[in-house]
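As stored in upload.csv (CSV, C-alpha atoms and all ligand atoms):
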chain,number,residue,atom,x,y,z
A,30,MET,CA,0.0,0.0,0.0
A,31,THR,CA,1.5,3.3,-1.1
A,32,THR,CA,0.7,6.3,1.2
A,33,LYS,CA,-0.2,9.7,-0.2
A,34,MET,CA,2.1,12.5,1.0
A,35,GLY,CA,2.5,16.2,0.2
A,36,GLN,CA,1.3,17.9,-2.9
A,37,LEU,CA,4.2,18.4,-5.4
A,38,TYR,CA,2.4,20.3,-8.1
A,39,GLU,CA,-1.0,21.7,-9.1
A,40,GLY,CA,-1.7,22.0,-12.8
A,41,LYS,CA,-4.8,23.2,-14.5
A,42,ALA,CA,-6.5,19.8,-14.5
A,43,LYS,CA,-4.6,17.7,-12.1
A,44,ARG,CA,-2.7,17.7,-8.8
A,45,VAL,CA,0.4,15.5,-8.3
A,46,TYR,CA,1.3,14.1,-4.9
A,47,ALA,CA,4.5,12.5,-3.5
A,48,THR,CA,4.1,9.1,-1.9
A,49,ASP,CA,6.2,7.2,0.6
A,50,ASP,CA,7.9,5.5,-2.4
A,51,GLU,CA,10.1,8.0,-4.2
A,52,GLY,CA,9.5,6.1,-7.5
A,53,ARG,CA,5.8,6.7,-7.4
A,54,TYR,CA,3.5,9.6,-7.5
A,55,ILE,CA,-0.3,9.9,-7.1
A,56,VAL,CA,-2.2,12.1,-9.7
A,57,GLU,CA,-5.6,13.4,-8.8
A,58,TYR,CA,-7.9,14.6,-11.6
A,59,LYS,CA,-10.0,17.8,-11.1
A,60,ASP,CA,-13.2,19.0,-12.7
A,61,ASP,CA,-11.5,22.4,-13.5
A,62,ALA,CA,-11.3,23.3,-17.1
A,63,THR,CA,-9.3,26.1,-18.7
A,64,ALA,CA,-8.7,27.1,-22.3
A,65,PHE,CA,-6.5,29.7,-24.1
A,66,ASN,CA,-3.8,29.4,-21.5
A,67,GLY,CA,-6.1,29.8,-18.6
A,68,ALA,CA,-7.9,32.9,-20.0
A,69,LYS,CA,-11.2,31.0,-20.0
A,70,ARG,CA,-12.0,29.1,-16.8
A,71,GLY,CA,-14.9,26.8,-15.8
A,72,THR,CA,-15.9,23.5,-14.4
A,73,ILE,CA,-17.0,20.4,-16.2
A,74,ALA,CA,-18.9,18.3,-13.7
A,75,GLY,CA,-17.5,14.8,-13.4
A,76,LYS,CA,-14.7,15.4,-15.9
A,77,GLY,CA,-12.0,14.4,-13.4
A,78,VAL,CA,-13.6,11.0,-12.9
A,79,ILE,CA,-14.0,10.4,-16.6
A,80,ASN,CA,-10.5,11.6,-17.6
A,81,ASN,CA,-8.9,9.5,-14.9
A,82,GLN,CA,-10.7,6.3,-16.0
A,83,MET,CA,-10.4,7.0,-19.7
A,84,SER,CA,-6.7,7.8,-19.5
A,85,ASN,CA,-6.0,4.7,-17.5
A,86,ALA,CA,-8.0,2.5,-20.0
A,87,LEU,CA,-6.1,4.0,-22.9
A,88,PHE,CA,-2.7,3.7,-21.2
A,89,LYS,CA,-3.5,0.0,-20.4
A,90,LEU,CA,-4.3,-0.5,-24.1
A,91,LEU,CA,-1.1,1.2,-25.2
A,92,GLU,CA,1.0,-0.9,-22.7
A,93,SER,CA,-0.6,-4.0,-24.2
A,94,LYS,CA,0.7,-2.8,-27.6
A,95,GLY,CA,4.2,-2.2,-26.4
A,96,VAL,CA,4.1,1.5,-25.4
A,97,ARG,CA,5.7,2.1,-22.0
A,98,THR,CA,3.6,4.4,-19.8
A,99,HIS,CA,3.6,5.9,-16.3
A,100,PHE,CA,0.4,4.0,-15.4
A,101,LEU,CA,0.6,1.7,-12.4
A,102,GLU,CA,-2.8,1.4,-10.6
A,103,GLN,CA,-6.1,3.2,-10.4
A,104,LEU,CA,-6.6,4.0,-6.7
A,105,SER,CA,-10.1,5.7,-6.8
A,106,ASP,CA,-12.4,7.5,-9.1
A,107,ARG,CA,-10.1,10.5,-9.4
A,108,GLU,CA,-6.7,9.1,-8.2
A,109,THR,CA,-4.1,7.0,-10.0
A,110,LEU,CA,-0.7,5.7,-8.9
A,111,VAL,CA,1.9,6.4,-11.5
A,112,ARG,CA,5.7,6.0,-12.0
A,113,ALA,CA,7.5,9.1,-10.9
A,114,VAL,CA,9.0,10.8,-14.0
A,115,LYS,CA,10.4,14.2,-14.9
A,116,ILE,CA,8.2,15.6,-17.6
A,117,VAL,CA,10.0,16.7,-20.8
A,118,PRO,CA,8.6,20.3,-21.1
A,119,LEU,CA,7.0,19.7,-24.6
A,120,GLU,CA,3.5,19.3,-25.8
A,121,ILE,CA,3.8,16.6,-28.4
A,122,ILE,CA,1.0,16.9,-31.0
A,123,ILE,CA,0.0,14.5,-33.7
A,124,ARG,CA,-2.7,15.4,-36.3
A,125,ASN,CA,-4.6,13.2,-38.7
A,126,VAL,CA,-7.1,15.8,-39.8
A,127,ALA,CA,-6.7,19.6,-39.9
A,128,ALA,CA,-8.4,21.4,-37.0
A,129,GLY,CA,-7.7,24.0,-34.3
A,130,SER,CA,-4.5,26.0,-34.4
A,131,PHE,CA,-3.2,24.1,-37.5
A,132,SER,CA,-6.2,25.1,-39.5
A,133,LYS,CA,-5.8,28.7,-38.4
A,134,ARG,CA,-2.1,28.9,-38.9
A,135,TYR,CA,-2.1,27.4,-42.4
A,136,GLY,CA,-5.5,28.5,-43.6
A,137,VAL,CA,-6.8,25.0,-44.1
A,138,GLU,CA,-10.4,24.1,-43.5
A,139,GLU,CA,-11.2,22.1,-40.3
A,140,GLY,CA,-11.9,18.5,-41.3
A,141,GLN,CA,-9.5,18.3,-44.2
A,142,GLU,CA,-7.8,14.9,-44.1
A,143,LEU,CA,-4.0,15.2,-44.0
A,144,LYS,CA,-2.0,13.1,-46.5
A,145,CYS,CA,0.0,11.8,-43.6
A,146,PRO,CA,0.0,12.4,-39.8
A,147,THR,CA,1.9,15.4,-38.7
A,148,LEU,CA,4.1,15.8,-35.6
A,149,GLU,CA,4.8,19.1,-33.9
A,150,TYR,CA,6.0,20.3,-30.6
A,151,SER,CA,5.1,23.3,-28.4
A,152,LEU,CA,7.3,24.4,-25.5
A,153,LYS,CA,5.4,24.0,-22.2
A,154,ASN,CA,5.7,27.5,-20.9
A,155,ASP,CA,2.6,29.4,-19.9
A,156,ALA,CA,4.4,32.7,-19.6
A,157,LEU,CA,5.3,32.4,-23.3
A,158,ASN,CA,2.0,30.9,-24.3
A,159,ASP,CA,3.4,27.5,-25.2
A,160,PRO,CA,5.2,28.5,-28.5
A,161,LEU,CA,5.7,26.1,-31.3
A,162,ILE,CA,9.3,24.7,-31.3
A,163,ASN,CA,11.2,22.6,-33.7
A,164,ASP,CA,13.7,19.7,-33.4
A,165,SER,CA,16.8,21.9,-33.8
A,166,HIS,CA,15.5,24.4,-31.2
A,167,ILE,CA,14.9,21.6,-28.8
A,168,LEU,CA,18.4,20.2,-29.3
A,169,ALA,CA,20.0,23.7,-29.2
A,170,LEU,CA,18.3,24.5,-25.9
A,171,GLY,CA,19.1,21.1,-24.4
A,172,ILE,CA,15.4,20.4,-23.8
A,173,ALA,CA,15.9,16.8,-25.1
A,174,THR,CA,18.7,14.9,-26.8
A,175,GLU,CA,18.7,13.5,-30.3
A,176,LYS,CA,18.2,10.0,-28.8
A,177,GLU,CA,15.2,11.2,-26.7
A,178,LEU,CA,13.6,13.0,-29.6
A,179,ASP,CA,13.9,9.7,-31.6
A,180,ALA,CA,12.2,7.9,-28.8
A,181,ILE,CA,9.5,10.6,-28.5
A,182,ARG,CA,8.8,10.6,-32.3
A,183,THR,CA,8.6,6.8,-32.4
A,184,MET,CA,6.3,6.7,-29.3
A,185,ALA,CA,4.0,9.5,-30.7
A,186,TYR,CA,3.4,7.7,-34.0
A,187,LYS,CA,2.9,4.4,-32.3
A,188,VAL,CA,0.3,6.0,-29.9
A,189,ASN,CA,-1.4,7.4,-33.0
A,190,ASP,CA,-1.5,4.0,-34.8
A,191,VAL,CA,-3.0,2.3,-31.7
A,192,LEU,CA,-5.5,5.0,-30.8
A,193,LYS,CA,-6.7,5.7,-34.4
A,194,GLU,CA,-7.5,2.0,-34.8
A,195,PHE,CA,-9.1,1.7,-31.4
A,196,PHE,CA,-11.3,4.8,-31.8
A,197,ALA,CA,-12.3,3.8,-35.4
A,198,GLY,CA,-13.7,0.6,-33.8
A,199,ILE,CA,-16.1,2.7,-31.6
A,200,GLY,CA,-17.2,5.0,-34.4
A,201,VAL,CA,-14.9,7.9,-33.5
A,202,LYS,CA,-12.4,9.8,-35.7
A,203,LEU,CA,-9.2,10.7,-33.9
A,204,ILE,CA,-8.5,14.2,-35.3
A,205,ASP,CA,-5.5,15.1,-33.3
A,206,PHE,CA,-4.1,14.7,-29.8
A,207,LYS,CA,-1.4,16.0,-27.4
A,208,ILE,CA,0.8,13.8,-25.3
A,209,GLU,CA,3.6,14.3,-22.9
A,210,ALA,CA,6.8,12.3,-22.3
A,211,GLY,CA,8.5,11.6,-19.0
A,212,ARG,CA,12.0,10.6,-18.1
A,213,LEU,CA,12.5,7.7,-15.7
A,214,PRO,CA,15.6,8.0,-13.4
A,215,ASP,CA,17.5,5.7,-15.8
A,216,GLY,CA,16.8,8.1,-18.6
A,217,GLU,CA,14.1,6.0,-20.4
A,218,ILE,CA,11.4,8.0,-22.1
A,219,ILE,CA,7.8,6.8,-21.3
A,220,LEU,CA,4.3,8.1,-21.9
A,221,ALA,CA,3.1,10.3,-19.1
A,222,ASP,CA,0.4,12.9,-18.3
A,223,GLU,CA,-3.1,11.9,-19.6
A,224,ILE,CA,-5.0,11.0,-22.8
A,225,SER,CA,-8.6,12.3,-22.5
A,226,PRO,CA,-11.2,14.5,-24.2
A,227,ASP,CA,-9.1,17.4,-22.7
A,228,THR,CA,-6.1,16.5,-24.8
A,229,CYS,CA,-7.6,15.0,-28.0
A,230,ARG,CA,-10.1,15.9,-30.6
A,231,PHE,CA,-12.7,13.2,-31.1
A,232,TRP,CA,-15.4,13.5,-33.8
A,233,ASP,CA,-18.2,11.1,-34.3
A,234,ALA,CA,-17.4,9.1,-37.4
A,235,LYS,CA,-20.8,9.5,-39.0
A,236,THR,CA,-21.9,13.0,-38.0
A,237,ASN,CA,-18.6,14.8,-37.2
A,238,GLU,CA,-20.1,15.9,-33.9
A,239,LYS,CA,-17.4,17.0,-31.5
A,240,LEU,CA,-17.0,14.8,-28.5
A,241,ASP,CA,-14.2,16.6,-26.7
A,242,LYS,CA,-13.1,19.8,-25.0
A,243,ASP,CA,-13.7,21.9,-28.1
A,244,ARG,CA,-17.3,22.0,-26.8
A,245,PHE,CA,-16.0,23.9,-23.8
A,246,ARG,CA,-13.4,26.0,-25.7
A,247,ARG,CA,-15.9,27.1,-28.3
A,248,ASP,CA,-19.1,27.4,-26.1
A,249,LEU,CA,-20.9,24.7,-28.1
A,250,GLY,CA,-22.9,23.4,-25.2
A,251,GLY,CA,-23.4,19.7,-24.3
A,252,VAL,CA,-19.9,19.6,-22.7
A,253,GLU,CA,-20.7,17.1,-20.0
A,254,GLU,CA,-22.8,15.0,-22.4
A,255,ALA,CA,-19.8,14.8,-24.8
A,256,TYR,CA,-17.5,13.5,-22.1
A,257,HIS,CA,-20.1,10.9,-21.0
A,258,GLU,CA,-20.7,9.8,-24.6
A,259,ILE,CA,-17.1,9.2,-25.5
A,260,PHE,CA,-16.5,7.5,-22.1
A,261,SER,CA,-19.5,5.2,-22.6
A,262,ARG,CA,-18.3,4.2,-26.1
A,263,ILE,CA,-14.9,3.2,-24.6
A,264,ASN,CA,-16.7,1.0,-22.1
A,265,GLN,CA,-18.9,-0.7,-24.6
B,301,LIG,P1,-4.5,22.9,-31.2
B,301,LIG,O1,-5.1,22.7,-32.5
B,301,LIG,O2,-5.2,24.0,-30.4
B,301,LIG,O3,-3.0,23.2,-31.3
B,301,LIG,O4,-4.6,21.6,-30.3
B,301,LIG,C1,-4.0,20.4,-30.8
B,301,LIG,C2,-4.4,19.3,-29.8
B,301,LIG,O5,-3.7,19.5,-28.6
B,301,LIG,C3,-5.9,19.1,-29.5
B,301,LIG,O6,-6.2,17.7,-29.5
B,301,LIG,C4,-6.0,19.7,-28.1
B,301,LIG,C5,-4.7,19.5,-27.5
B,301,LIG,N1,-4.3,20.6,-26.6
B,301,LIG,C6,-3.9,20.2,-25.3
B,301,LIG,O7,-4.0,19.1,-24.9
B,301,LIG,N2,-3.5,21.3,-24.5
B,301,LIG,C7,-3.4,22.6,-24.9
B,301,LIG,O8,-3.0,23.4,-24.1
B,301,LIG,C8,-3.7,22.8,-26.3
B,301,LIG,C9,-3.7,24.3,-26.8
B,301,LIG,C10,-4.2,21.8,-27.1
B,302,LIG,N1,-4.3,23.8,-21.7
B,302,LIG,C1,-5.1,24.9,-22.2
B,302,LIG,C2,-5.1,26.0,-21.1
B,302,LIG,O1,-4.0,26.4,-20.8
B,302,LIG,C3,-6.4,24.5,-22.4
B,302,LIG,C4,-6.7,23.9,-23.7
B,302,LIG,O2,-7.0,24.5,-24.7
B,302,LIG,O3,-6.7,22.6,-23.7
B,302,LIG,O4,-6.0,26.7,-20.7

How does this structure look as C-alpha cells?
Ligand code: TMP
Ligand code: ASP
Amino acid sequence: MTTKMGQLYEGKAKRVYATDDEGRYIVEYKDDATAFNGAKRGTIAGKGVINNQMSNALFKLLESKGVRTHFLEQLSDRETLVRAVKIVPLEIIIRNVAAGSFSKRYGVEEGQELKCPTLEYSLKNDALNDPLINDSHILALGIATEKELDAIRTMAYKVNDVLKEFFAGIGVKLIDFKIEAGRLPDGEIILADEISPDTCRFWDAKTNEKLDKDRFRRDLGGVEEAYHEIFSRINQ
C-alpha cells in the first residue's frame, strides 16, 4: 500500500502528490477546465472521474501494444498511482485531420484529411503561451537529446496508430491529440500525463459531432454529455 504524501504540483486539470515511495506519484484529476492558456475558466462536472478512468484504460491498451507508460494502478475515481517521472517540457502533438491551431495557422479548412499524420512540438511555458518549437531548437536549448527525440517521435506515431484504430472501432475519428513524455531515473522515455477529451479531438465518425473539450473552448454546449458519450463508447 502506497501512502499519499504532500502535494508536489498543481496544474490546470490535475494535482500531483508524492508518496512514501520516491519512485511513485499519485495524480488526482480535477473537474476544473481552462482554455486559451487559462484565460477561460470553468468546471466540467464529473470530468476528473471520466478523464482518470479513460486515460487509464487507454494507457493500459497502449501498454498491451508495447508503449511504456507511467500508469501503475487506479486508486479511486479520481486518483491514480503512476511512475515518478520528470516531464519533458514539450507538448507533443499529432494530427490526422486539420483542426484548431493548425487550420488557423495554415488557412486549411477544419476537417480536411491530411495526407500523412503530422508531428509538432510546443514548449510547455505558460508565460510564453506554449510557443511552437522545432527539433533543432529543442536540441540547441538542451530540452531533449537526439536520442530522446527519436524515442518521442517513435512513441508518438505508435500512440497514433494504436488509438486511431481503437477509436475507429467505436465510431470515432481521432482528429488530433497531445501527449507528454516523462523521463525515468534511468533516462528511459515513457508516456506520461493523460489522454482524455481534454487532450484529444474526437469527432463522431458519422456526424462529425465534436466529443471533446472543443465544446467547452468554443461554447458549443453539451460539454458534460460529450465527455459521457465518449466514455460510454470506450466502455462498450
Ligand atoms: P491545437 O489545434 O489547439 O493546437 O490543439 C491540438 C491538440 O492538442 C488538440 O487535440 C487539443 C490538444 N491541446 C492540449 O492538450 N492542450 C493545450 O493546451 C492545447 C492548446 C491543445
Ligand atoms: N491547456 C489549455 C489552457 O491552458 C487548455 C486547452 O486549450 O486545452 O488553458

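The residue that comes closest to Lys202 (chain A), out of A:Asp164, A:Glu108, A:Asp233, A:Asp241 and on the basis of all atoms listed in the file, is A:Asp233.
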
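If you look at CA of Gly35 (chain A) and CA of Ala47 (chain A), they are 5.6 Å away from each other.
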
* Using all atoms listed in the file, which residues sit within 12 Å of region 149-159 of chain A once same-chain residues fewer than 5 positions away are excluded, as a ChimeraX atom specification? -> /A:40-41,64-68,116-124,130-131,164-167,170,172-173,178,181-182,185-186,205-210

* To do: Give the answer as one residue: which of A:Leu249, A:Ile259, A:Leu101, A:Leu91 has the shortest atom-to-atom distance to Phe231 (chain A), using only C-alpha atoms?
  =>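 Counting only C-alpha atoms, the residue closest to Phe231 (chain A) is A:Ile259.
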
* May I have the residues within 6 Å of Arg107 (chain A) as a list of chain:residue names, using only C-alpha atoms and disregarding those fewer than 5 positions away in the same chain? =>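 So, after excluding close chain neighbours, the residues are A:Glu57, A:Tyr58, A:Gly77, A:Val78, A:Asn81.
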
Selection file, C-alpha atoms, as a tab-separated table (two decimals), keeping the file's coordinate frame:
chain	number	residue	atom	x	y	z
A	57	GLU	CA	-5.60	13.40	-8.80
A	58	TYR	CA	-7.90	14.60	-11.60
A	77	GLY	CA	-12.00	14.40	-13.40
A	78	VAL	CA	-13.60	11.00	-12.90
A	81	ASN	CA	-8.90	9.50	-14.90

* To do: In Å, rounded to a single decimal, give me how far CA of Ser93 (chain A) is from CA of Ile199 (chain A).
  => 18.4 Å

* Shortest interatomic distance to ligand LIG 302 (chain B) - which of A:Asp227, A:Glu194, A:Asp49, A:Glu238, counting all atoms listed in the file ->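 Ranked by minimum distance to ligand LIG 302 (chain B), first place goes to A:Asp227.
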
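Interatomic distance, atom N2 of ligand LIG 301 (chain B) against CA of Cys229 (chain A): 8.3 Å.
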
* Asked: Which of these, A:Ile224, A:Ile73, A:Met34, A:Ala197, has the shortest distance to Asn85 (chain A) once you count all atoms listed in the file?
  ->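 Using all atoms listed in the file, the shortest distance to Asn85 (chain A) belongs to A:Ile224.
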